[in-house]
Amino acid sequence: MAALGSPAGRCLAPVLHRAAYAAMGLDDWSHEAVACDEATLPGLLGSFGTYWAGATLAVPLPRAVLPLLDEVSELAMDVGGADTVVVRHGRSVGEHTGAHGIMSAIHQAGLTAPGSAVVLGGGAAACSALAALREVGVREPVVVVRERDHALEVEAAAGRLGVSVELRHVDELGRLLRGVPVVVSTLPAGAADALAPTVARSGAAVLDAVCSAWPTRLAKAAGFAGSTVVDGLTMRLHRTVRQIELLTGRAGVGELPFAAMRAAALDELARREARSAEPAGSGGKLM
């Protein structure tokens with residue numbers, strides 16, 4: 001299998017998948033990072049041979065891959081992206097697993113029926129959040145963005161998902177958080193720093209999609225306030241389990257590979273952080 005993205009070396013998927021396969025005794029399975037952008041995606045998909053089980057895709061490839069596939073799941077169509085491509089009997093099938101990762105993390109945090117939620121950000125990850133929240137009964141989430149133009153993608157996904165989204169500006173966040181039990185931040189590392197005090201004062205549980213640079217300022221503030229905090233790596237692990245089920249055809253993988261994946265991911269993230277901190281003249285390669 002392949003993890004498609006650019007740059008390929010930044011992709012965490014191979015680390016997680018290989019750790020899971022080892023824990024599950026799937027010694028003949030591999031997952032390698034392959035450099036791929038939107039221009040090279042069609043040719044690469046066309047080169048997949050019978051020995052390929054499929055691929056995982058990083059943004060923006062999940063949207064770009066949709067017209068190139070033989071079949072696309074309803075969820076992937078509604079969310080607007082297939083983050084996993086499964087090759088079945090010579091046909092490519094697009095699946096979406098990001099929503100499963102968020103939904104599973106919500107359940108793990110004990111938020112089985114939150115009733116309402118605020119989503120920070122309006123990009124592809126926010127679309128996954130809408131799908132996940134719909135599955136736990138939140139059909140009228142509030143989506144907070146800095147610019148309405150940044151929410152066009154999530155507005156379109158909401159319509160396909162049958163969710164009624166209330167779009168609001170970030171300046172209104174304090175008022176919008178009153179009585180809300182959960183905040184899902186889909187913002188990249190550092191982008192939610194200025195919002196941390198406001199979110200922490202609300203007492204809402206926080207699901208922060210950031211995997212690296214953890215804990216984020218948002219997570220720290222919420223934790224100090226006594227709120228439940230779920231890290232992006234946990235969401236990523238649940239997503240990876242779903243990918244493994246789809247790619248291997250093994251249902252009910254469950255939590256067997258969780259510990260191995262988390263340990264491997266933390267080691268890899270620490271290695272990357274150490275390398276990025278090395279002076280340019282030390283021989284270390286900055287990433």
# chains A, B, ... in the order shown; residues from 1 in each chain; ligands from 1
>>> select_by_dssp(residues="stretch 39-266 of chain A", states="alpha helix (DSSP H)", output="VMD selection string")
chain A and resid 41 to 46 61 to 64 74 to 79 98 to 108 124 to 135 152 to 161 173 to 176 196 to 202 217 to 224 232 to 248 258 to 266
>>> residues_around(residues="stretch 68-77 of chain A", least_positions_apart="6", cutoff="8 Å", atoms="only C-alpha atoms", output="PyMOL selection string")
chain A and resi 42+91-96
>>> write_last_selection(atoms="C-alpha atoms", output="short mmCIF file (atom, residue, chain, number, x, y, z; two decimals), in the first residue's frame")
data_model
loop_
_atom_site.label_atom_id
_atom_site.label_comp_id
_atom_site.auth_asym_id
_atom_site.auth_seq_id
_atom_site.Cartn_x
_atom_site.Cartn_y
_atom_site.Cartn_z
CA PRO A 42 -3.91 10.23 -12.31
CA ARG A 91 -11.56 -1.51 -9.38
CA SER A 92 -10.66 1.53 -7.32
CA VAL A 93 -13.11 2.43 -4.55
CA GLY A 94 -12.93 5.72 -2.65
CA GLU A 95 -13.73 5.69 1.07
CA HIS A 96 -13.73 8.37 3.76
#
>>> residues_around(residues="A:Cys11", least_positions_apart="2", cutoff="12 Å", atoms="only C-alpha atoms", output="PyMOL selection string")
chain A and resi 2-9+13-17+31-36+56-59+211-212+265+268-269+272+287
>>> residues_around(residues="A:Gly101", least_positions_apart="2", cutoff="9 Å", atoms="only C-alpha atoms", output="VMD selection string")
chain A and resid 97 to 99 103 to 106 128 132 234 to 242
>>> select_by_dssp(residues="stretch 78-267 of chain A", states="strand (DSSP E)", output="JSON, numbers by chain")
{"A": [84, 85, 86, 87, 88, 91, 92, 93, 94, 95, 118, 119, 120, 142, 143, 144, 145, 166, 167, 168, 169, 182, 183, 184, 185, 205, 206, 207, 208, 229, 230]}
>>> closest_residue(among="A:Arg271, A:Arg201, A:Arg217, A:Arg146", to="A:Ala189", atoms="only C-alpha atoms")
A:Arg217
>>> atom_distance(atom1="atom CA of A:Ala219", atom2="atom CA of A:Val180")
16.9 Å
>>> closest_residue(among="A:Val118, A:Met261, A:Val210, A:Ala221", to="A:Val165", atoms="only C-alpha atoms")
A:Val118
>>> residues_around(residues="A:Arg168", least_positions_apart="4", cutoff="10 Å", atoms="only C-alpha atoms", output="ChimeraX atom specification")
/A:118,120,142-148,151,172-173,176
>>> residues_around(residues="A:Val182", least_positions_apart="4", cutoff="8 Å", atoms="only C-alpha atoms", output="number ranges by chain")
A: 114, 116-118, 204-207
>>> write_last_selection(atoms="N, CA and C atoms", output="compact mmCIF listing (two decimals), in the first residue's frame")
# COMPACT_ATOMS: atom_id res chain seq x y z
N PRO A 114 -23.74 14.78 22.62
CA PRO A 114 -23.44 16.15 23.06
C PRO A 114 -24.55 17.15 22.82
N SER A 116 -25.07 19.67 21.04
CA SER A 116 -24.62 20.80 20.24
C SER A 116 -23.10 20.82 20.22
N ALA A 117 -22.55 21.56 19.27
CA ALA A 117 -21.09 21.62 19.14
C ALA A 117 -20.68 22.84 18.34
N VAL A 118 -19.45 23.28 18.59
CA VAL A 118 -18.84 24.35 17.80
C VAL A 118 -17.63 23.76 17.09
N ALA A 204 -16.11 23.70 27.88
CA ALA A 204 -16.44 22.67 26.89
C ALA A 204 -15.30 21.67 26.74
N ALA A 205 -15.65 20.43 26.42
CA ALA A 205 -14.64 19.46 26.05
C ALA A 205 -14.03 19.88 24.72
N VAL A 206 -12.75 19.59 24.54
CA VAL A 206 -12.03 20.03 23.34
C VAL A 206 -11.44 18.83 22.61
N LEU A 207 -11.78 18.74 21.33
CA LEU A 207 -11.13 17.78 20.44
C LEU A 207 -10.27 18.61 19.49
>>> closest_residue(among="A:Leu45, A:Leu167, A:Ala213, A:Val154", to="A:Glu273", atoms="only C-alpha atoms")
A:Ala213
